[in-house]
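Reproduced below: start04.cif, with mmCIF, C-alpha atoms.
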```cif
data_structure
loop_
_atom_site.group_PDB
_atom_site.id
_atom_site.type_symbol
_atom_site.label_atom_id
_atom_site.label_comp_id
_atom_site.auth_asym_id
_atom_site.auth_seq_id
_atom_site.Cartn_x
_atom_site.Cartn_y
_atom_site.Cartn_z
ATOM 1 C CA MET A 1 -70.993 83.538 -1.909
ATOM 2 C CA THR A 2 -69.070 81.232 0.412
ATOM 3 C CA HIS A 3 -67.102 82.976 3.141
ATOM 4 C CA ALA A 4 -64.043 80.963 4.208
ATOM 5 C CA LEU A 5 -61.981 81.496 7.346
ATOM 6 C CA ILE A 6 -58.392 80.227 7.184
ATOM 7 C CA THR A 7 -56.417 79.927 10.406
ATOM 8 C CA GLY A 8 -52.694 80.231 9.735
ATOM 9 C CA GLY A 9 -53.615 81.948 6.478
ATOM 10 C CA ALA A 10 -50.350 83.883 6.173
ATOM 11 C CA GLY A 11 -48.366 80.662 6.174
ATOM 12 C CA PHE A 12 -46.965 78.747 3.245
ATOM 13 C CA ILE A 13 -49.983 76.508 2.612
ATOM 14 C CA GLY A 14 -52.569 78.942 3.982
ATOM 15 C CA SER A 15 -51.607 81.733 1.590
ATOM 16 C CA HIS A 16 -51.839 79.409 -1.405
ATOM 17 C CA LEU A 17 -55.232 78.202 -0.208
ATOM 18 C CA ALA A 18 -56.429 81.801 0.158
ATOM 19 C CA GLU A 19 -55.471 82.486 -3.456
ATOM 20 C CA ARG A 20 -57.316 79.370 -4.651
ATOM 21 C CA LEU A 21 -60.514 80.193 -2.780
ATOM 22 C CA LEU A 22 -60.505 83.785 -4.018
ATOM 23 C CA LYS A 23 -60.050 82.465 -7.546
ATOM 24 C CA ALA A 24 -63.143 80.318 -6.971
ATOM 25 C CA GLY A 25 -65.124 83.462 -6.170
ATOM 26 C CA GLN A 26 -65.200 83.057 -2.409
ATOM 27 C CA THR A 27 -64.732 85.654 0.306
ATOM 28 C CA VAL A 28 -61.689 84.843 2.435
ATOM 29 C CA THR A 29 -60.713 85.971 5.921
ATOM 30 C CA ILE A 30 -57.426 84.823 7.390
ATOM 31 C CA ILE A 31 -56.283 84.881 10.993
ATOM 32 C CA ASP A 32 -52.591 84.527 11.771
ATOM 33 C CA ASP A 33 -50.369 85.726 14.609
ATOM 34 C CA LEU A 34 -47.356 85.799 12.235
ATOM 35 C CA SER A 35 -45.276 83.643 14.580
ATOM 36 C CA THR A 36 -44.279 81.502 11.603
ATOM 37 C CA GLY A 37 -46.440 82.911 8.812
ATOM 38 C CA GLN A 38 -45.224 85.947 6.863
ATOM 39 C CA TYR A 39 -47.248 88.950 5.825
ATOM 40 C CA ALA A 40 -45.304 89.015 2.555
ATOM 41 C CA ASN A 41 -47.116 85.801 1.575
ATOM 42 C CA ILE A 42 -50.475 87.574 1.515
ATOM 43 C CA LYS A 43 -49.443 91.134 0.631
ATOM 44 C CA PRO A 44 -50.356 90.669 -3.077
ATOM 45 C CA LEU A 45 -53.955 89.993 -1.966
ATOM 46 C CA GLU A 46 -54.329 93.257 -0.031
ATOM 47 C CA GLY A 47 -56.279 95.066 -2.732
ATOM 48 C CA ASN A 48 -58.883 92.338 -3.178
ATOM 49 C CA PRO A 49 -62.196 93.498 -1.652
ATOM 50 C CA ASN A 50 -63.092 89.891 -0.834
ATOM 51 C CA PHE A 51 -59.936 89.348 1.237
ATOM 52 C CA HIS A 52 -59.631 90.268 4.905
ATOM 53 C CA VAL A 53 -56.791 89.875 7.417
ATOM 54 C CA VAL A 54 -56.847 89.562 11.197
ATOM 55 C CA ILE A 55 -53.507 89.475 13.029
ATOM 56 C CA GLU A 56 -54.251 87.575 16.214
ATOM 57 C CA ASP A 57 -53.719 84.313 18.101
ATOM 58 C CA ILE A 58 -56.540 81.868 17.283
ATOM 59 C CA ARG A 59 -56.849 81.095 20.993
ATOM 60 C CA ASN A 60 -58.357 84.572 21.479
ATOM 61 C CA MET A 61 -61.918 83.318 21.803
ATOM 62 C CA GLN A 62 -63.538 86.744 21.517
ATOM 63 C CA VAL A 63 -61.967 87.294 18.109
ATOM 64 C CA MET A 64 -62.553 83.706 16.965
ATOM 65 C CA ASP A 65 -66.200 83.896 17.978
ATOM 66 C CA ARG A 66 -66.730 86.970 15.810
ATOM 67 C CA LEU A 67 -64.929 85.451 12.836
ATOM 68 C CA GLY A 68 -66.738 82.141 13.228
ATOM 69 C CA SER A 69 -70.115 83.853 13.217
ATOM 70 C CA GLN A 70 -69.291 85.553 9.917
ATOM 71 C CA CYS A 71 -67.960 82.592 7.914
ATOM 72 C CA ASP A 72 -69.427 79.459 6.327
ATOM 73 C CA VAL A 73 -66.413 77.136 6.505
ATOM 74 C CA ILE A 74 -63.202 77.061 8.544
ATOM 75 C CA TYR A 75 -59.883 75.717 7.245
ATOM 76 C CA HIS A 76 -57.751 75.076 10.307
ATOM 77 C CA LEU A 77 -54.094 75.219 9.260
ATOM 78 C CA ALA A 78 -52.571 77.133 12.180
ATOM 79 C CA ALA A 79 -50.022 75.026 14.079
ATOM 80 C CA ALA A 80 -46.455 74.913 15.301
ATOM 81 C CA VAL A 81 -44.385 73.882 12.279
ATOM 82 C CA GLY A 82 -40.941 72.467 11.594
ATOM 83 C CA VAL A 83 -38.858 69.939 13.495
ATOM 84 C CA GLU A 84 -36.441 72.591 14.770
ATOM 85 C CA LYS A 85 -39.264 74.631 16.334
ATOM 86 C CA ILE A 86 -40.832 71.504 17.827
ATOM 87 C CA ILE A 87 -37.531 70.496 19.433
ATOM 88 C CA SER A 88 -36.686 73.968 20.736
ATOM 89 C CA GLN A 89 -40.197 75.080 21.791
ATOM 90 C CA PRO A 90 -42.113 71.998 23.011
ATOM 91 C CA ILE A 91 -44.454 73.959 25.301
ATOM 92 C CA ALA A 92 -45.639 76.200 22.474
ATOM 93 C CA THR A 93 -46.004 73.192 20.180
ATOM 94 C CA ILE A 94 -48.347 71.404 22.558
ATOM 95 C CA GLU A 95 -50.338 74.447 23.669
ATOM 96 C CA ILE A 96 -50.817 75.935 20.192
ATOM 97 C CA ASN A 97 -51.727 72.685 18.471
ATOM 98 C CA ILE A 98 -54.216 71.411 21.025
ATOM 99 C CA GLY A 99 -55.525 74.788 22.216
ATOM 100 C CA GLY A 100 -55.918 76.075 18.671
ATOM 101 C CA ALA A 101 -57.905 73.086 17.483
ATOM 102 C CA GLU A 102 -60.095 73.261 20.573
ATOM 103 C CA ALA A 103 -60.856 76.945 19.933
ATOM 104 C CA VAL A 104 -61.751 76.308 16.288
ATOM 105 C CA LEU A 105 -64.014 73.361 17.030
ATOM 106 C CA GLN A 106 -65.846 75.148 19.846
ATOM 107 C CA VAL A 107 -66.633 78.094 17.581
ATOM 108 C CA ALA A 108 -67.593 75.808 14.703
ATOM 109 C CA ARG A 109 -70.004 73.943 16.936
ATOM 110 C CA ARG A 110 -71.588 77.167 18.194
ATOM 111 C CA TYR A 111 -72.332 78.414 14.662
ATOM 112 C CA ARG A 112 -72.616 75.044 12.843
ATOM 113 C CA ARG A 113 -69.656 75.686 10.561
ATOM 114 C CA LYS A 114 -67.925 73.062 8.473
ATOM 115 C CA VAL A 115 -64.288 72.460 9.481
ATOM 116 C CA LEU A 116 -61.409 71.164 7.361
ATOM 117 C CA LEU A 117 -58.612 70.337 9.775
ATOM 118 C CA ALA A 118 -55.010 69.947 8.652
ATOM 119 C CA SER A 119 -53.188 67.013 10.197
ATOM 120 C CA THR A 120 -49.909 65.346 9.327
ATOM 121 C CA SER A 121 -48.225 62.125 8.293
ATOM 122 C CA GLU A 122 -46.346 62.390 11.594
ATOM 123 C CA VAL A 123 -49.334 60.746 13.306
ATOM 124 C CA TYR A 124 -48.315 57.408 11.751
ATOM 125 C CA GLY A 125 -45.322 57.451 14.077
ATOM 126 C CA LYS A 126 -42.876 54.612 13.482
ATOM 127 C CA GLY A 127 -45.178 52.885 11.027
ATOM 128 C CA VAL A 128 -43.666 49.918 9.207
ATOM 129 C CA ARG A 129 -46.510 49.092 6.821
ATOM 130 C CA PHE A 130 -46.237 50.866 3.483
ATOM 131 C CA PRO A 131 -47.889 52.802 2.049
ATOM 132 C CA PHE A 132 -49.522 54.432 5.075
ATOM 133 C CA SER A 133 -53.298 54.026 5.032
ATOM 134 C CA GLU A 134 -55.679 56.158 7.053
ATOM 135 C CA ASP A 135 -56.873 53.251 9.235
ATOM 136 C CA ASP A 136 -53.396 51.900 10.049
ATOM 137 C CA ASP A 137 -52.332 51.577 13.671
ATOM 138 C CA THR A 138 -49.776 54.125 14.854
ATOM 139 C CA LEU A 139 -46.642 53.712 16.972
ATOM 140 C CA MET A 140 -45.311 56.785 18.759
ATOM 141 C CA GLY A 141 -41.909 57.166 20.378
ATOM 142 C CA ALA A 142 -41.370 57.580 24.108
ATOM 143 C CA THR A 143 -42.595 60.752 25.791
ATOM 144 C CA VAL A 144 -39.033 61.593 26.848
ATOM 145 C CA ARG A 145 -38.341 62.258 23.137
ATOM 146 C CA ASN A 146 -40.168 65.553 22.652
ATOM 147 C CA ARG A 147 -39.761 65.154 18.905
ATOM 148 C CA TRP A 148 -42.960 63.060 19.145
ATOM 149 C CA SER A 149 -44.973 65.799 20.851
ATOM 150 C CA TYR A 150 -46.035 67.219 17.488
ATOM 151 C CA ALA A 151 -47.372 63.868 16.283
ATOM 152 C CA ALA A 152 -49.173 63.302 19.581
ATOM 153 C CA THR A 153 -50.822 66.727 19.560
ATOM 154 C CA LYS A 154 -52.030 66.348 15.989
ATOM 155 C CA ALA A 155 -53.427 62.925 16.850
ATOM 156 C CA ILE A 156 -55.316 64.570 19.732
ATOM 157 C CA ASP A 157 -56.620 67.180 17.269
ATOM 158 C CA GLU A 158 -57.940 64.370 15.091
ATOM 159 C CA PHE A 159 -59.579 62.586 18.015
ATOM 160 C CA LEU A 160 -61.187 65.847 19.122
ATOM 161 C CA ALA A 161 -62.487 66.724 15.662
ATOM 162 C CA LEU A 162 -63.937 63.239 15.172
ATOM 163 C CA ALA A 163 -65.545 63.465 18.614
ATOM 164 C CA TYR A 164 -67.262 66.717 17.621
ATOM 165 C CA HIS A 165 -68.458 65.006 14.450
ATOM 166 C CA LYS A 166 -69.788 61.975 16.312
ATOM 167 C CA GLU A 167 -71.298 63.679 19.348
ATOM 168 C CA ALA A 168 -72.349 67.066 17.929
ATOM 169 C CA ASP A 169 -72.834 66.066 14.268
ATOM 170 C CA LEU A 170 -70.335 68.743 13.271
ATOM 171 C CA PRO A 171 -69.288 68.488 9.598
ATOM 172 C CA VAL A 172 -65.548 67.811 9.848
ATOM 173 C CA VAL A 173 -62.949 66.712 7.295
ATOM 174 C CA ILE A 174 -59.417 65.777 8.407
ATOM 175 C CA PHE A 175 -56.597 65.727 5.871
ATOM 176 C CA ARG A 176 -53.130 64.387 6.621
ATOM 177 C CA LEU A 177 -50.398 66.170 4.682
ATOM 178 C CA PHE A 178 -47.214 64.413 3.557
ATOM 179 C CA ASN A 179 -44.264 66.809 3.151
ATOM 180 C CA THR A 180 -45.945 69.603 1.216
ATOM 181 C CA VAL A 181 -43.392 71.777 -0.605
ATOM 182 C CA GLY A 182 -43.279 74.635 -3.083
ATOM 183 C CA PRO A 183 -42.750 78.381 -3.503
ATOM 184 C CA ARG A 184 -42.977 80.469 -0.285
ATOM 185 C CA GLN A 185 -41.965 77.623 2.002
ATOM 186 C CA SER A 186 -39.310 78.812 4.421
ATOM 187 C CA GLY A 187 -36.235 76.849 5.425
ATOM 188 C CA GLN A 188 -36.130 78.781 8.688
ATOM 189 C CA TYR A 189 -37.707 75.974 10.728
ATOM 190 C CA GLY A 190 -35.797 73.063 9.234
ATOM 191 C CA MET A 191 -37.933 72.276 6.167
ATOM 192 C CA VAL A 192 -35.585 70.173 4.110
ATOM 193 C CA LEU A 193 -36.213 71.157 0.490
ATOM 194 C CA PRO A 194 -36.070 74.961 0.855
ATOM 195 C CA ARG A 195 -33.100 74.521 3.168
ATOM 196 C CA PHE A 196 -31.265 72.552 0.473
ATOM 197 C CA VAL A 197 -32.177 75.103 -2.210
ATOM 198 C CA GLN A 198 -31.057 78.045 -0.098
ATOM 199 C CA SER A 199 -27.691 76.410 0.592
ATOM 200 C CA ALA A 200 -27.202 75.457 -3.050
ATOM 201 C CA LEU A 201 -27.907 78.977 -4.312
ATOM 202 C CA ALA A 202 -25.676 80.546 -1.649
ATOM 203 C CA GLY A 203 -22.805 78.170 -2.390
ATOM 204 C CA LYS A 204 -22.898 76.820 1.151
ATOM 205 C CA PRO A 205 -22.644 73.130 2.128
ATOM 206 C CA ILE A 206 -25.899 71.215 1.657
ATOM 207 C CA ARG A 207 -26.392 69.571 5.047
ATOM 208 C CA VAL A 208 -27.932 66.089 4.991
ATOM 209 C CA TYR A 209 -28.987 64.851 8.422
ATOM 210 C CA GLY A 210 -28.245 61.237 9.311
ATOM 211 C CA ASP A 211 -27.101 58.887 6.561
ATOM 212 C CA GLY A 212 -29.405 60.391 3.926
ATOM 213 C CA GLU A 213 -31.055 57.065 3.153
ATOM 214 C CA GLN A 214 -34.326 58.058 4.832
ATOM 215 C CA SER A 215 -36.951 58.619 2.141
ATOM 216 C CA ARG A 216 -39.923 60.936 1.672
ATOM 217 C CA CYS A 217 -42.637 61.780 -0.845
ATOM 218 C CA PHE A 218 -42.827 65.522 -1.521
ATOM 219 C CA GLY A 219 -46.230 66.853 -2.578
ATOM 220 C CA ASN A 220 -46.334 70.035 -4.637
ATOM 221 C CA VAL A 221 -48.354 72.746 -2.884
ATOM 222 C CA TYR A 222 -50.455 73.479 -5.976
ATOM 223 C CA ASP A 223 -51.503 69.819 -6.185
ATOM 224 C CA VAL A 224 -52.187 69.738 -2.448
ATOM 225 C CA ILE A 225 -54.378 72.853 -2.579
ATOM 226 C CA GLU A 226 -56.504 71.300 -5.313
ATOM 227 C CA ALA A 227 -56.966 68.239 -3.098
ATOM 228 C CA ILE A 228 -58.025 70.364 -0.112
ATOM 229 C CA TYR A 229 -60.429 72.345 -2.278
ATOM 230 C CA GLY A 230 -61.886 69.149 -3.722
ATOM 231 C CA LEU A 231 -62.410 67.684 -0.246
ATOM 232 C CA SER A 232 -64.195 70.858 0.850
ATOM 233 C CA GLU A 233 -66.744 70.284 -1.918
ATOM 234 C CA SER A 234 -67.195 66.537 -1.321
ATOM 235 C CA PRO A 235 -70.042 65.302 0.920
ATOM 236 C CA ALA A 236 -68.313 61.899 1.051
ATOM 237 C CA ALA A 237 -65.332 63.438 2.883
ATOM 238 C CA ILE A 238 -67.328 64.559 5.928
ATOM 239 C CA GLY A 239 -66.345 62.616 9.035
ATOM 240 C CA GLN A 240 -63.322 61.115 7.275
ATOM 241 C CA VAL A 241 -59.534 61.168 7.645
ATOM 242 C CA VAL A 242 -57.809 61.463 4.270
ATOM 243 C CA ASN A 243 -54.162 61.362 3.147
ATOM 244 C CA ILE A 244 -52.886 64.013 0.729
ATOM 245 C CA GLY A 245 -49.458 63.579 -0.803
ATOM 246 C CA SER A 246 -47.289 62.448 -3.660
ATOM 247 C CA GLN A 247 -46.190 58.854 -4.192
ATOM 248 C CA GLU A 248 -42.897 59.807 -5.867
ATOM 249 C CA GLU A 249 -40.457 58.531 -3.235
ATOM 250 C CA VAL A 250 -36.902 59.857 -2.982
ATOM 251 C CA SER A 251 -34.085 59.509 -0.471
ATOM 252 C CA ILE A 252 -32.888 62.694 1.208
ATOM 253 C CA LEU A 253 -29.398 62.170 -0.195
ATOM 254 C CA GLU A 254 -30.788 61.854 -3.716
ATOM 255 C CA LEU A 255 -32.884 64.965 -3.095
ATOM 256 C CA ALA A 256 -29.728 66.900 -2.167
ATOM 257 C CA ARG A 257 -28.008 65.687 -5.345
ATOM 258 C CA ARG A 258 -30.955 66.714 -7.506
ATOM 259 C CA VAL A 259 -31.163 70.155 -5.925
ATOM 260 C CA LYS A 260 -27.435 70.674 -6.454
ATOM 261 C CA GLN A 261 -27.643 69.578 -10.089
ATOM 262 C CA ARG A 262 -30.760 71.593 -10.962
ATOM 263 C CA ALA A 263 -29.424 74.724 -9.267
ATOM 264 C CA GLY A 264 -26.070 74.399 -11.068
ATOM 265 C CA SER A 265 -24.424 74.610 -7.682
ATOM 266 C CA GLU A 266 -20.860 73.796 -6.636
ATOM 267 C CA SER A 267 -21.916 73.253 -3.008
ATOM 268 C CA ASP A 268 -20.579 70.222 -1.182
ATOM 269 C CA ILE A 269 -23.032 67.725 0.263
ATOM 270 C CA VAL A 270 -22.092 67.031 3.882
ATOM 271 C CA PHE A 271 -23.535 64.638 6.453
ATOM 272 C CA VAL A 272 -24.571 65.913 9.867
ATOM 273 C CA PRO A 273 -25.444 63.524 12.747
ATOM 274 C CA TYR A 274 -28.981 63.914 14.103
ATOM 275 C CA GLU A 275 -27.520 64.589 17.538
ATOM 276 C CA GLN A 276 -25.736 67.629 16.159
ATOM 277 C CA ALA A 277 -28.678 68.849 14.058
ATOM 278 C CA TYR A 278 -31.363 68.427 16.708
ATOM 279 C CA GLU A 279 -30.765 66.737 20.059
ATOM 280 C CA SER A 280 -29.337 63.573 21.587
ATOM 281 C CA GLY A 281 -31.492 60.524 20.906
ATOM 282 C CA PHE A 282 -33.433 62.128 18.052
ATOM 283 C CA GLU A 283 -35.561 59.587 16.157
ATOM 284 C CA ASP A 284 -36.595 59.887 12.530
ATOM 285 C CA PHE A 285 -38.813 58.036 10.069
ATOM 286 C CA ARG A 286 -36.945 55.849 7.591
ATOM 287 C CA ARG A 287 -39.788 55.968 5.060
ATOM 288 C CA ARG A 288 -42.965 57.994 4.711
ATOM 289 C CA VAL A 289 -45.192 56.979 1.797
ATOM 290 C CA PRO A 290 -48.933 57.705 1.589
ATOM 291 C CA SER A 291 -51.727 55.618 0.189
ATOM 292 C CA ILE A 292 -53.952 57.997 -1.785
ATOM 293 C CA SER A 293 -56.603 55.498 -2.820
ATOM 294 C CA LYS A 294 -59.104 56.902 -0.302
ATOM 295 C CA ILE A 295 -59.017 60.455 -1.606
ATOM 296 C CA GLN A 296 -59.173 59.170 -5.157
ATOM 297 C CA SER A 297 -62.372 57.301 -4.282
ATOM 298 C CA MET A 298 -63.917 60.596 -3.110
ATOM 299 C CA ILE A 299 -62.778 63.180 -5.632
ATOM 300 C CA GLU A 300 -61.125 63.183 -9.030
ATOM 301 C CA TRP A 301 -57.647 64.100 -7.845
ATOM 302 C CA GLU A 302 -54.107 62.899 -8.227
ATOM 303 C CA PRO A 303 -50.743 64.637 -7.909
ATOM 304 C CA THR A 304 -49.519 65.759 -11.317
ATOM 305 C CA THR A 305 -46.350 67.745 -10.566
ATOM 306 C CA LEU A 306 -43.094 65.805 -10.700
ATOM 307 C CA LEU A 307 -40.479 66.414 -8.024
ATOM 308 C CA ASP A 308 -37.954 67.936 -10.456
ATOM 309 C CA GLU A 309 -40.565 70.508 -11.519
ATOM 310 C CA THR A 310 -41.233 71.334 -7.869
ATOM 311 C CA ILE A 311 -37.503 71.759 -7.216
ATOM 312 C CA ASP A 312 -37.309 74.128 -10.201
ATOM 313 C CA GLN A 313 -40.242 76.168 -8.837
ATOM 314 C CA ILE A 314 -38.506 76.579 -5.482
ATOM 315 C CA ILE A 315 -35.174 77.461 -7.088
ATOM 316 C CA HIS A 316 -36.936 80.101 -9.217
ATOM 317 C CA TYR A 317 -38.718 81.504 -6.162
ATOM 318 C CA TYR A 318 -35.521 81.915 -4.151
ATOM 319 C CA ARG A 319 -33.540 83.283 -7.079
ATOM 320 C CA GLU A 320 -36.181 85.992 -7.471
ATOM 321 C CA LYS A 321 -35.920 86.784 -3.769
ATOM 322 C CA MET A 322 -32.147 87.101 -4.121
ATOM 323 C CA ASN A 323 -32.519 89.368 -7.147
ATOM 324 C CA ASP A 324 -34.969 91.562 -5.236
ATOM 325 C CA GLY A 325 -32.478 91.935 -2.421
ATOM 326 C CA GLY A 326 -34.551 89.930 0.034
ATOM 327 C CA ASN A 327 -33.379 87.327 2.505
ATOM 328 C CA PHE A 328 -34.251 83.639 2.609
ATOM 329 C CA THR A 329 -36.531 83.620 5.658
#
```

I need this file expressed as structure tokens, please.
Amino acid sequence: MTHALITGGAGFIGSHLAERLLKAGQTVTIIDDLSTGQYANIKPLEGNPNFHVVIEDIRNMQVMDRLGSQCDVIYHLAAAVGVEKIISQPIATIEINIGGAEAVLQVARRYRRKVLLASTSEVYGKGVRFPFSEDDDTLMGATVRNRWSYAATKAIDEFLALAYHKEADLPVVIFRLFNTVGPRQSGQYGMVLPRFVQSALAGKPIRVYGDGEQSRCFGNVYDVIEAIYGLSESPAAIGQVVNIGSQEEVSILELARRVKQRAGSESDIVFVPYEQAYESGFEDFRRRVPSISKIQSMIEWEPTTLLDETIDQIIHYYREKMNDGGNFT
């Protein structure tokens, strides 16, 4: 029986991955300091004898060493998340992202464990060639714009993981996620789709940052988890960097309109300058579209959930939370 360790396992994506691996008959241990993850995400798994929880910072090497010695594969998802957190807490962003990856890779090397490392479409920077392919050059913003610190740290994580693969022959798979969304995602850290849904259901203004013409491709978490699981089983993925995402592109303004319509909301859609939402001089991507031909050459996978279905899933999730008397965080 495979024993998987998931860092950041109480988070949005990590908790869904834990469910998928348990369904596949694996033993799952998660480690999470609950700085952004929520115990409520994993509470339904408490009674499963094959599920174990450790509440700790992954940079605690004594704990990570023990967990690494007991597992077969490590899914490294723990990271600082959300633009708002990155802007307001740049020190934590840099230290957690780089220090966490370093801790995971050191332990994996010691015990010869396979690592699947979560990266991000942010590493493409101000890319102008569409769709983004894994071997494209990247263009980061100036270091005085700390908005780019997240992209830079995740790029360092990738370099470090590939170095361990090249120099130590460590089995490593890097997957770059493009705007993964779905039930359990919090709007607390600026994630756009749950933020829109929360506002629509509460009858509050739906705040669109900038002019709303920037576009994204939102990948449903259930599709994304199947891609991650497929990559974990694929020998061809070892030593590779792979995009995971949807190719259904939508502008942020259109997304707000669709959320409002599907929620049956009377909320106004209002425009908020980036300087007011984040900080002076904030820079954003105009488009972010993945090429998924590489992953499709490795495993039989493609996104199957349409954006409207994903929006409905999130609306249903937050309506249930409201009915249960819970809050939106």

| request: To one decimal in Å, tell me the separation between atom CA of A:His3 and atom CA of A:Ile292. | output: 28.7 Å

Please write out, as lines of an AutoDock Vina configuration file, where the centre of an axis-aligned box around all listed atoms of stretch 285-304 of chain A lies and how long its edges are, in Å to one decimal, after adding 8 Å on each side.
```
center_x = -50.4
center_y = 60.6
center_z = -0.6
size_x = 43.0
size_y = 26.3
size_z = 37.4
```

| task | Would you list the contacts of stretch 131-138 of chain A as a ChimeraX atom specification, taking every protein, DNA or RNA residue within 6 Å and counting only C-alpha atoms, but skipping same-chain residues closer than 3 positions in sequence? | result | /A:124-125,289-291

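For the file shown, the residue list from the PyMOL selection byres ((chain A and resi 121) around 6) reads Thr120, Glu122, Val123, Tyr124, Arg176, Leu177 and Phe178 of chain A.
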
| field | Polymer residues at most 10 Å from A:Arg112, all atoms listed in the file, same-chain spacing of 5 or more positions, as a PyMOL selection string | value | chain A and resi 68-69+72-73+105-107+168-171

| request: Check the smallest atom-to-atom distance from each of A:Gly182, A:Gly203, A:Gly82, A:Pro90 to A:Asp268 using only C-alpha atoms, then report the winner. | output: A:Gly203

| field | Neighbour list for stretch 33-42 of chain A as a PyMOL selection string, cut-off 8 Å, only C-alpha atoms, skip fewer than 4 positions in-chain | value | chain A and resi 8-12+15+46+55-58+80-81+184

Selected residues written out, C-alpha atoms, as a tab-separated table (two decimals), in the coordinates of the input:
```
chain	number	residue	atom	x	y	z
A	8	GLY	CA	-52.69	80.23	9.74
A	9	GLY	CA	-53.62	81.95	6.48
A	10	ALA	CA	-50.35	83.88	6.17
A	11	GLY	CA	-48.37	80.66	6.17
A	12	PHE	CA	-46.96	78.75	3.24
A	15	SER	CA	-51.61	81.73	1.59
A	46	GLU	CA	-54.33	93.26	-0.03
A	55	ILE	CA	-53.51	89.48	13.03
A	56	GLU	CA	-54.25	87.58	16.21
A	57	ASP	CA	-53.72	84.31	18.10
A	58	ILE	CA	-56.54	81.87	17.28
A	80	ALA	CA	-46.46	74.91	15.30
A	81	VAL	CA	-44.38	73.88	12.28
A	184	ARG	CA	-42.98	80.47	-0.28
```

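As for atom CA of A:Leu253 and atom CA of A:Ala155, they are spaced 29.5 Å apart.
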
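Comparing the minimum interatomic distances between A:Ile244 and each of A:Lys294, A:Arg147, A:Arg109, A:Lys85, counting all atoms listed in the file, we find that A:Lys294 sits nearest.
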
| note | re atom CA of A:Thr27 and atom CA of A:Lys114: distance 15.3 Å

| request: For A:Ala263, please output as a ChimeraX atom specification all residues within 7 Å (counting only C-alpha atoms; exclusion window: fewer than 2 positions along the same chain). | output: /A:200-201,259-261,265,315

| said: Using the chain letters and numbers from this file, what does the PyMOL selection byres ((chain A and resi 97) around 12) select? Give the answer as number ranges by chain. | reply: A: 7-8, 57-59, 76-81, 86, 90-96, 98-104, 117-120, 149-158, 160

Next, the residues of the selection above should be written as a PDB file, in the frame of the given file with C-alpha atoms.
```
ATOM      1  CA  THR A   7     -56.417  79.927  10.406  1.00  0.00           C
ATOM      2  CA  GLY A   8     -52.694  80.231   9.735  1.00  0.00           C
ATOM      3  CA  ASP A  57     -53.719  84.313  18.101  1.00  0.00           C
ATOM      4  CA  ILE A  58     -56.540  81.868  17.283  1.00  0.00           C
ATOM      5  CA  ARG A  59     -56.849  81.095  20.993  1.00  0.00           C
ATOM      6  CA  HIS A  76     -57.751  75.076  10.307  1.00  0.00           C
ATOM      7  CA  LEU A  77     -54.094  75.219   9.260  1.00  0.00           C
ATOM      8  CA  ALA A  78     -52.571  77.133  12.180  1.00  0.00           C
ATOM      9  CA  ALA A  79     -50.022  75.026  14.079  1.00  0.00           C
ATOM     10  CA  ALA A  80     -46.455  74.913  15.301  1.00  0.00           C
ATOM     11  CA  VAL A  81     -44.385  73.882  12.279  1.00  0.00           C
ATOM     12  CA  ILE A  86     -40.832  71.504  17.827  1.00  0.00           C
ATOM     13  CA  PRO A  90     -42.113  71.998  23.011  1.00  0.00           C
ATOM     14  CA  ILE A  91     -44.454  73.959  25.301  1.00  0.00           C
ATOM     15  CA  ALA A  92     -45.639  76.200  22.474  1.00  0.00           C
ATOM     16  CA  THR A  93     -46.004  73.192  20.180  1.00  0.00           C
ATOM     17  CA  ILE A  94     -48.347  71.404  22.558  1.00  0.00           C
ATOM     18  CA  GLU A  95     -50.338  74.447  23.669  1.00  0.00           C
ATOM     19  CA  ILE A  96     -50.817  75.935  20.192  1.00  0.00           C
ATOM     20  CA  ILE A  98     -54.216  71.411  21.025  1.00  0.00           C
ATOM     21  CA  GLY A  99     -55.525  74.788  22.216  1.00  0.00           C
ATOM     22  CA  GLY A 100     -55.918  76.075  18.671  1.00  0.00           C
ATOM     23  CA  ALA A 101     -57.905  73.086  17.483  1.00  0.00           C
ATOM     24  CA  GLU A 102     -60.095  73.261  20.573  1.00  0.00           C
ATOM     25  CA  ALA A 103     -60.856  76.945  19.933  1.00  0.00           C
ATOM     26  CA  VAL A 104     -61.751  76.308  16.288  1.00  0.00           C
ATOM     27  CA  LEU A 117     -58.612  70.337   9.775  1.00  0.00           C
ATOM     28  CA  ALA A 118     -55.010  69.947   8.652  1.00  0.00           C
ATOM     29  CA  SER A 119     -53.188  67.013  10.197  1.00  0.00           C
ATOM     30  CA  THR A 120     -49.909  65.346   9.327  1.00  0.00           C
ATOM     31  CA  SER A 149     -44.973  65.799  20.851  1.00  0.00           C
ATOM     32  CA  TYR A 150     -46.035  67.219  17.488  1.00  0.00           C
ATOM     33  CA  ALA A 151     -47.372  63.868  16.283  1.00  0.00           C
ATOM     34  CA  ALA A 152     -49.173  63.302  19.581  1.00  0.00           C
ATOM     35  CA  THR A 153     -50.822  66.727  19.560  1.00  0.00           C
ATOM     36  CA  LYS A 154     -52.030  66.348  15.989  1.00  0.00           C
ATOM     37  CA  ALA A 155     -53.427  62.925  16.850  1.00  0.00           C
ATOM     38  CA  ILE A 156     -55.316  64.570  19.732  1.00  0.00           C
ATOM     39  CA  ASP A 157     -56.620  67.180  17.269  1.00  0.00           C
ATOM     40  CA  GLU A 158     -57.940  64.370  15.091  1.00  0.00           C
ATOM     41  CA  LEU A 160     -61.187  65.847  19.122  1.00  0.00           C
TER      42      LEU A 160
END
```

| field | Protein and nucleic acid residues near (-43.0, 52.1, 12.2) (cut-off 9 Å, all atoms listed in the file) as a ChimeraX atom specification | value | /A:124-129,138-140,285-287

| query | How would you write, as a PyMOL selection string, the residues chosen by the PyMOL selection byres ((chain A and resi 212) around 7) on this structure? | reply | chain A and resi 208-211+213-214+251-253
